[in-house]
Amino acid sequence: MEIIWEPKILLISFILLFAIAYFFYISGEKKYQKGTSQVIAYFSGEEPPEVLKVKNVYWGFFKDFEKFYKFLATTQKENPNDYTFNFVLGFIVLFFLICLI
Amino acid sequence: MASNFIILIIAFLFFGAFTIALVHRFGAKFRNSYILSILALINILAVLLYQEVVSKGSLIYTVGAKIPSLYSVQGFPVRIILTADALSGFLVLLFVSIASLVFLYSLQILKEHLSLDKFYILSFLLLAGILGFLITGDFFTLFVFYEINTIATAGLIAFFRNKESLKSSFNYLVVFAIGSLFLLLGVGFLYGKYGALNMVALANNLDFLLLDRIALVFIAAALLLKAGAFPFYFWKPQTYKAMPISAIVLALMSSLAALYVLFKIVFNIFGYNIVLGWTLILFSILSIFVGVFFALKEKSIKRILAYLAISEVGYVILGISAGMMMANSEFGFMAIKGGLFHMVNDVLDISFLFLLVGIIFYISKAKNIFEIRGIGHKYPFLSGLFFFGVLAVAGMPPLNGFASKIIIYESIFHLSPALTILGIMGSILTLAVLIKIFAMIFLGTPSENFRNYKKIPKLAVSTIIIFAIIMLLIGFFPKEFTNSFIDKGASSLINRQDYIH
């Protein structure tokens with residue numbers, strides 16, 4: 001059994017893919033013009049919002065997991081009482097799993 | 001002489017730690033030369049120790065005795081016993097090399113700090129605590145090194161002496177005081193039952209009845225706390241945020257050393273156990289997901305990387321504990337090998353990102369991520385390096401993170417395909433986290449403070465370029481790396497009979 005991955009195969013694949021991409025590139029449209037409407041991103045007909053911020057990139061994900069994140073926030077209050085509580089709780093779980101099962 | 005290498009490494013670190021304050025009085029240049037000389041000496045000793053354990057097998061050293069034995073001349077069953085095998089010898093060499101690079105980095109990044117001597121004193125003590133973890137052969141010495149490790153780390157957390165760092169240090173001390181108490185209780189249970197603290201003696205006699213399992217839970221809780229894995233991960237983000245970046249790398253090594261000790265105890269002393277194996281697998285999956293879910297929501301870059309460190313520790317535990325479940329098969333060995341390999345990659349990759357972030361904060365004097373947005377426009381080289389680190393941590397080919405993760409994924413598939421799917425999902429979420437912070441720091445609208453930025457610290461950048469070269473070499477030659485360093489370590493970890501004899 002040999003499951004250690006071989007990076008040389010990846011390098012050869014990259015070279016092959018580059019050759020194919022280059023073939024498409026050289027056989028493509030030669031009348032491309034910079035600075036015209038050709039370079040504007042196509043947003044499925046929708047007008048893009050004026051301010052696009054990176055921090056909003058996973059907005060939908062956070063909206064879906066809103067309750068879960070509220071719960072997570074309660075577990076991470078960062079004071080000595082909560083640290084001790086978390087440690088003892090973790091210990092009880094470990095104790096239950098290893099000693100009582 | 002050869003067997004003395006093991007104690008000399010620790011002795012020189014302690015000697016260095018206690019004399020730096022004295023040497024500091026002769027000026028910063030002399031102090032720095034002194035620190036570099038000690039580091040060079042420790043590196044040489046670590047290489048010699050590794051050569052010794054690879055060529056002649058495990059090494060045992062009993063402090064104050066000509067011949068290693070379980071009992072002192074007076075018949076007292078407590079001795080300071082140090083042991084090194086292929087795995088601990090390699091980890092000592094790796095951690096000493098990384099710590100040396102980090103100390104070089106700190107000479108430039110922290111040079112303006114007035115308490116630099118205190119930083120080195122505490123860092124040397126912490127490194128001694130970490131290496132002590134790796135080479136301890138008895139439980140009481142383990143407890144002593146746990147304490148040294150904890151006290152030095154608490155000092156480093158409080159290094160900047162502001163409100164945040166003092167609060168974090170206090171919180172850390174409270175929870176680790178409880179952790180070391182639990183470790184001592186676990187050790188006490190074993191000593192009460194068997195009258196021995198030596199790990200080999202205990203491995204020979206242990207029957208794994210209820211009291212032994214209770215002892216294991218106490219010890220495992222303390223070590224998982226140090227490792228910062230689920231459910232004991234809660235201290236990491238606050239602690240890492242308060243620490244100097246260089247000290248965070250030492251804290252990362254400390255976590256991985258604690259994991260090594262946990263698995264050494266589980267494999268060599270308590271033996272394989274299905275319930276423990278599945279418990280650790282459960283914790284590893286939860287570590288991976290809790291880490292990335294928190295990281296996705298975070299805004300502080302140090303906290304984000306701290307959460308990713310929790311997640312990456314999960315992969316190490318996943319590989320090794322899944323290997324424990326398939327201990328008698330070839331896939332089990334591969335999983336353990338993958339876990340140990342990922343331990344190396346984890347410390348390299350996460351350290352690389354932390355050190356790079358340290359350089360960015362150094363040149364920009366920024367306090368948070370928003371002050372440095374768009375820095376990639378001015379420093380494309382740094383953004384290229386960061387992107388390189390992003391790919392390595394997320395486990396993208398052809399970098400080292402991928403090389404170890406693919407071994408873990410393929411081997412644990414034979415235990416349960418669901419584990420592989422969960423592992424890959426964790427990797428995808430890690431990439432999502434890192435792409436977000438990469439875009440926020442490097443691709444955002446450029447800040448207007450660029451004119452006040454300092455020059456790029458060349459020495460510090462050179463150290464992280466060395467990290468990058470090592471990561472690249474491991475990524476391109478994983479087979480050669482694992483054959484040379486990991487295989488022997490994995491064999492020494494799983495062969496309980498070899499350990500006992």
# chains A, B, ... in the order shown; residues from 1 in each chain; ligands from 1
$ interface_residues --of "chain B" --to "chain A" --cutoff "7 Å" --atoms "only C-alpha atoms" --output "list in words"
Asn171, Val174, Val175, Leu210, Arg213, Ile214, Val217, Ala221, Pro231, Phe232, Phe234, Val275, Leu276, Thr279, Pro398, Ala403, Ile407, Lys436, Ala439, Met440, Phe476 and Lys479 of chain B
$ write_last_selection --atoms "N, CA and C atoms" --output "mmCIF file, in the first residue's frame"
data_model
loop_
_atom_site.group_PDB
_atom_site.id
_atom_site.type_symbol
_atom_site.label_atom_id
_atom_site.label_comp_id
_atom_site.auth_asym_id
_atom_site.auth_seq_id
_atom_site.Cartn_x
_atom_site.Cartn_y
_atom_site.Cartn_z
ATOM 1 N N ASN B 171 -6.200 34.632 33.883
ATOM 2 C CA ASN B 171 -7.138 33.570 33.487
ATOM 3 C C ASN B 171 -6.403 32.267 33.178
ATOM 4 N N VAL B 174 -5.200 30.592 36.367
ATOM 5 C CA VAL B 174 -6.294 29.956 37.132
ATOM 6 C C VAL B 174 -6.610 28.582 36.545
ATOM 7 N N VAL B 175 -6.823 28.544 35.232
ATOM 8 C CA VAL B 175 -7.261 27.272 34.630
ATOM 9 C C VAL B 175 -6.118 26.252 34.613
ATOM 10 N N LEU B 210 -10.766 0.150 36.934
ATOM 11 C CA LEU B 210 -11.426 1.462 37.068
ATOM 12 C C LEU B 210 -10.488 2.569 37.570
ATOM 13 N N ARG B 213 -8.271 3.807 34.900
ATOM 14 C CA ARG B 213 -9.004 4.622 33.920
ATOM 15 C C ARG B 213 -9.278 6.019 34.478
ATOM 16 N N ILE B 214 -9.580 6.059 35.792
ATOM 17 C CA ILE B 214 -9.798 7.384 36.418
ATOM 18 C C ILE B 214 -8.502 8.195 36.341
ATOM 19 N N VAL B 217 -8.065 9.550 32.921
ATOM 20 C CA VAL B 217 -8.931 10.702 32.631
ATOM 21 C C VAL B 217 -8.333 11.982 33.212
ATOM 22 N N ALA B 221 -7.086 14.877 30.747
ATOM 23 C CA ALA B 221 -7.730 16.196 30.806
ATOM 24 C C ALA B 221 -6.666 17.294 30.898
ATOM 25 N N PRO B 231 -12.565 19.390 24.455
ATOM 26 C CA PRO B 231 -13.368 20.532 24.904
ATOM 27 C C PRO B 231 -12.559 21.558 25.723
ATOM 28 N N PHE B 232 -11.216 21.484 25.642
ATOM 29 C CA PHE B 232 -10.388 22.352 26.490
ATOM 30 C C PHE B 232 -9.682 23.436 25.666
ATOM 31 N N PHE B 234 -10.791 26.567 25.094
ATOM 32 C CA PHE B 234 -11.315 27.913 25.359
ATOM 33 C C PHE B 234 -10.252 28.961 25.702
ATOM 34 N N VAL B 275 -12.862 2.639 23.474
ATOM 35 C CA VAL B 275 -13.652 3.790 23.956
ATOM 36 C C VAL B 275 -12.807 5.065 23.911
ATOM 37 N N LEU B 276 -11.558 4.949 24.370
ATOM 38 C CA LEU B 276 -10.681 6.118 24.363
ATOM 39 C C LEU B 276 -10.428 6.584 22.922
ATOM 40 N N THR B 279 -13.466 8.332 21.665
ATOM 41 C CA THR B 279 -13.611 9.615 22.372
ATOM 42 C C THR B 279 -12.683 10.658 21.758
ATOM 43 N N PRO B 398 0.642 21.967 -3.996
ATOM 44 C CA PRO B 398 1.594 20.902 -3.637
ATOM 45 C C PRO B 398 2.312 21.172 -2.315
ATOM 46 N N ALA B 403 0.253 17.268 1.914
ATOM 47 C CA ALA B 403 0.943 15.970 1.955
ATOM 48 C C ALA B 403 0.536 15.164 3.189
ATOM 49 N N ILE B 407 -2.614 11.796 3.582
ATOM 50 C CA ILE B 407 -2.332 10.505 4.241
ATOM 51 C C ILE B 407 -3.411 10.231 5.290
ATOM 52 N N LYS B 436 -10.675 34.790 3.330
ATOM 53 C CA LYS B 436 -11.314 36.013 3.830
ATOM 54 C C LYS B 436 -10.271 36.952 4.436
ATOM 55 N N ALA B 439 -7.974 38.405 1.794
ATOM 56 C CA ALA B 439 -8.615 39.488 1.036
ATOM 57 C C ALA B 439 -8.715 40.752 1.881
ATOM 58 N N MET B 440 -9.029 40.587 3.184
ATOM 59 C CA MET B 440 -9.178 41.764 4.056
ATOM 60 C C MET B 440 -7.858 42.498 4.237
ATOM 61 N N PHE B 476 7.120 18.949 -1.660
ATOM 62 C CA PHE B 476 7.548 18.309 -2.911
ATOM 63 C C PHE B 476 8.197 16.942 -2.694
ATOM 64 N N LYS B 479 7.534 11.809 0.507
ATOM 65 C CA LYS B 479 7.925 10.415 0.724
ATOM 66 C C LYS B 479 9.302 10.346 1.377
#
$ residues_around --residues "Ile320 (chain B)" --least-positions-apart "4" --cutoff "9 Å" --atoms "only C-alpha atoms" --output "list in words"
Phe263, Ile281, Tyr315, Val316, Met324, Met325, Gly332, Phe333, Ala335, Ile336, Lys337, Gly338, Gly339, Leu340 and Ile408 of chain B
$ residues_around --residues "Ile317 (chain B)" --least-positions-apart "3" --cutoff "12 Å" --atoms "only C-alpha atoms" --output "PyMOL selection string"
chain B and resi 224+227-230+255-256+258-260+262-263+276-288+310-314+320-324+335-343+346+408+412+423
$ write_last_selection --atoms "N, CA and C atoms" --output "short mmCIF file (atom, residue, chain, number, x, y, z; two decimals), in the first residue's frame"
data_model
loop_
_atom_site.label_atom_id
_atom_site.label_comp_id
_atom_site.auth_asym_id
_atom_site.auth_seq_id
_atom_site.Cartn_x
_atom_site.Cartn_y
_atom_site.Cartn_z
N LEU B 224 -4.83 17.41 27.46
CA LEU B 224 -5.68 17.99 26.39
C LEU B 224 -5.87 19.48 26.62
N ALA B 227 -2.86 20.97 25.28
CA ALA B 227 -2.88 20.88 23.81
C ALA B 227 -3.90 21.84 23.20
N GLY B 228 -4.86 22.27 24.00
CA GLY B 228 -5.88 23.20 23.51
C GLY B 228 -6.84 22.55 22.52
N ALA B 229 -7.13 21.26 22.76
CA ALA B 229 -8.08 20.57 21.88
C ALA B 229 -9.47 20.59 22.53
N PHE B 230 -10.51 20.33 21.73
CA PHE B 230 -11.86 20.26 22.26
C PHE B 230 -11.93 19.20 23.34
N SER B 255 1.79 22.97 22.89
CA SER B 255 0.54 22.23 22.69
C SER B 255 0.82 20.89 22.02
N LEU B 256 1.68 20.91 21.00
CA LEU B 256 1.96 19.67 20.28
C LEU B 256 2.78 18.70 21.13
N ALA B 258 2.46 18.44 24.33
CA ALA B 258 1.48 17.83 25.25
C ALA B 258 0.73 16.70 24.56
N LEU B 259 0.41 16.89 23.27
CA LEU B 259 -0.26 15.84 22.51
C LEU B 259 0.63 14.61 22.38
N TYR B 260 1.91 14.87 22.11
CA TYR B 260 2.86 13.76 22.00
C TYR B 260 2.88 12.96 23.30
N LEU B 262 0.56 12.76 25.58
CA LEU B 262 -0.71 12.05 25.75
C LEU B 262 -0.69 10.74 24.95
N PHE B 263 -0.26 10.82 23.70
CA PHE B 263 -0.27 9.60 22.87
C PHE B 263 0.80 8.61 23.32
N LEU B 276 -11.56 4.95 24.37
CA LEU B 276 -10.68 6.12 24.36
C LEU B 276 -10.43 6.58 22.92
N GLY B 277 -10.23 5.61 22.03
CA GLY B 277 -9.98 5.94 20.61
C GLY B 277 -11.14 6.73 20.02
N TRP B 278 -12.36 6.24 20.23
CA TRP B 278 -13.54 6.94 19.67
C TRP B 278 -13.77 8.28 20.35
N THR B 279 -13.47 8.33 21.67
CA THR B 279 -13.61 9.61 22.37
C THR B 279 -12.68 10.66 21.76
N LEU B 280 -11.43 10.25 21.51
CA LEU B 280 -10.48 11.20 20.93
C LEU B 280 -10.87 11.57 19.50
N ILE B 281 -11.42 10.61 18.76
CA ILE B 281 -11.86 10.93 17.39
C ILE B 281 -12.99 11.97 17.44
N LEU B 282 -13.93 11.76 18.39
CA LEU B 282 -15.03 12.71 18.55
C LEU B 282 -14.48 14.11 18.88
N PHE B 283 -13.54 14.16 19.83
CA PHE B 283 -12.95 15.45 20.22
C PHE B 283 -12.22 16.09 19.04
N SER B 284 -11.56 15.24 18.23
CA SER B 284 -10.77 15.80 17.11
C SER B 284 -11.69 16.45 16.08
N ILE B 285 -12.81 15.77 15.78
CA ILE B 285 -13.75 16.33 14.79
C ILE B 285 -14.35 17.63 15.33
N LEU B 286 -14.69 17.61 16.63
CA LEU B 286 -15.26 18.83 17.22
C LEU B 286 -14.22 19.96 17.26
N SER B 287 -12.95 19.60 17.51
CA SER B 287 -11.88 20.62 17.48
C SER B 287 -11.80 21.27 16.11
N ILE B 288 -11.84 20.43 15.08
CA ILE B 288 -11.73 20.94 13.70
C ILE B 288 -12.85 21.94 13.43
N ILE B 310 -6.38 25.52 16.82
CA ILE B 310 -7.25 24.52 17.49
C ILE B 310 -7.71 23.50 16.45
N SER B 311 -8.12 24.02 15.30
CA SER B 311 -8.61 23.15 14.23
C SER B 311 -7.52 22.20 13.73
N GLU B 312 -6.31 22.73 13.58
CA GLU B 312 -5.21 21.89 13.07
C GLU B 312 -4.79 20.83 14.08
N VAL B 313 -4.86 21.17 15.36
CA VAL B 313 -4.59 20.17 16.40
C VAL B 313 -5.59 19.01 16.27
N GLY B 314 -6.82 19.36 15.87
CA GLY B 314 -7.85 18.35 15.65
C GLY B 314 -7.42 17.32 14.60
N ILE B 320 -3.93 10.26 14.58
CA ILE B 320 -3.30 9.32 15.51
C ILE B 320 -4.35 8.46 16.22
N SER B 321 -5.48 9.07 16.61
CA SER B 321 -6.48 8.25 17.33
C SER B 321 -7.20 7.28 16.38
N ALA B 322 -7.39 7.70 15.11
CA ALA B 322 -7.97 6.74 14.15
C ALA B 322 -6.98 5.61 13.92
N GLY B 323 -5.69 5.95 13.92
CA GLY B 323 -4.66 4.92 13.79
C GLY B 323 -4.71 3.94 14.95
N MET B 324 -5.02 4.47 16.15
CA MET B 324 -5.14 3.62 17.33
C MET B 324 -6.27 2.59 17.15
N ALA B 335 -2.25 5.99 9.29
CA ALA B 335 -2.98 7.08 9.94
C ALA B 335 -2.12 7.74 11.02
N ILE B 336 -1.42 6.89 11.80
CA ILE B 336 -0.54 7.43 12.85
C ILE B 336 0.59 8.25 12.22
N LYS B 337 1.12 7.68 11.14
CA LYS B 337 2.19 8.38 10.41
C LYS B 337 1.68 9.74 9.89
N GLY B 338 0.45 9.74 9.36
CA GLY B 338 -0.14 10.98 8.85
C GLY B 338 -0.33 11.99 9.97
N GLY B 339 -0.79 11.52 11.13
CA GLY B 339 -1.00 12.40 12.28
C GLY B 339 0.31 13.02 12.75
N LEU B 340 1.35 12.19 12.83
CA LEU B 340 2.66 12.71 13.27
C LEU B 340 3.24 13.67 12.23
N PHE B 341 3.04 13.32 10.97
CA PHE B 341 3.51 14.18 9.87
C PHE B 341 2.78 15.53 9.94
N HIS B 342 1.50 15.46 10.25
CA HIS B 342 0.73 16.71 10.32
C HIS B 342 1.15 17.55 11.54
N MET B 343 1.64 16.88 12.58
CA MET B 343 2.15 17.60 13.75
C MET B 343 3.29 18.53 13.31
N ASP B 346 1.82 21.25 10.97
CA ASP B 346 1.00 22.20 11.74
C ASP B 346 1.89 23.27 12.37
N ILE B 408 -3.77 11.27 6.05
CA ILE B 408 -4.81 11.10 7.08
C ILE B 408 -6.13 10.71 6.42
N ILE B 412 -7.85 7.07 7.15
CA ILE B 412 -9.03 6.99 8.04
C ILE B 412 -10.29 6.60 7.26
N GLY B 423 -13.30 15.58 7.59
CA GLY B 423 -11.96 16.18 7.54
C GLY B 423 -11.83 17.12 6.35
#
$ residues_around --residues "Ile301 (chain B)" --least-positions-apart "5" --cutoff "8 Å" --atoms "only C-alpha atoms" --output "VMD selection string"
chain B and resid 368 to 369 437
$ select_by_dssp --residues "region 114-169 of chain B" --states "alpha helix (DSSP H)" --output "PyMOL selection string"
chain B and resi 116-135+139-157+163-169
$ residues_around --residues "Leu348 (chain B)" --least-positions-apart "3" --cutoff "10 Å" --atoms "only C-alpha atoms" --output "list in words"
Leu94, Phe95, Ile98, Val249, Leu252, Met253, His342, Met343, Val344, Asn345, Ser351, Phe352, Leu353, Gly389, Ala392, Val393, Asn400, Gly401, Ile464, Phe467, Ala468, Ile470 and Met471 of chain B
$ atom_distance --atom1 "CA of Val39 (chain A)" --atom2 "CA of Ser383 (chain B)"
25.0 Å
$ residues_around --residues "Glu52 (chain B)" --least-positions-apart "5" --cutoff "10 Å" --atoms "only C-alpha atoms" --output "PyMOL selection string"
chain B and resi 2-3+5+46-47+57-59+84-86+89
$ closest_residue --among "B:Val461, B:Leu8, B:Leu431, B:Leu443" --to "Leu104 (chain B)" --atoms "only C-alpha atoms"
B:Val461
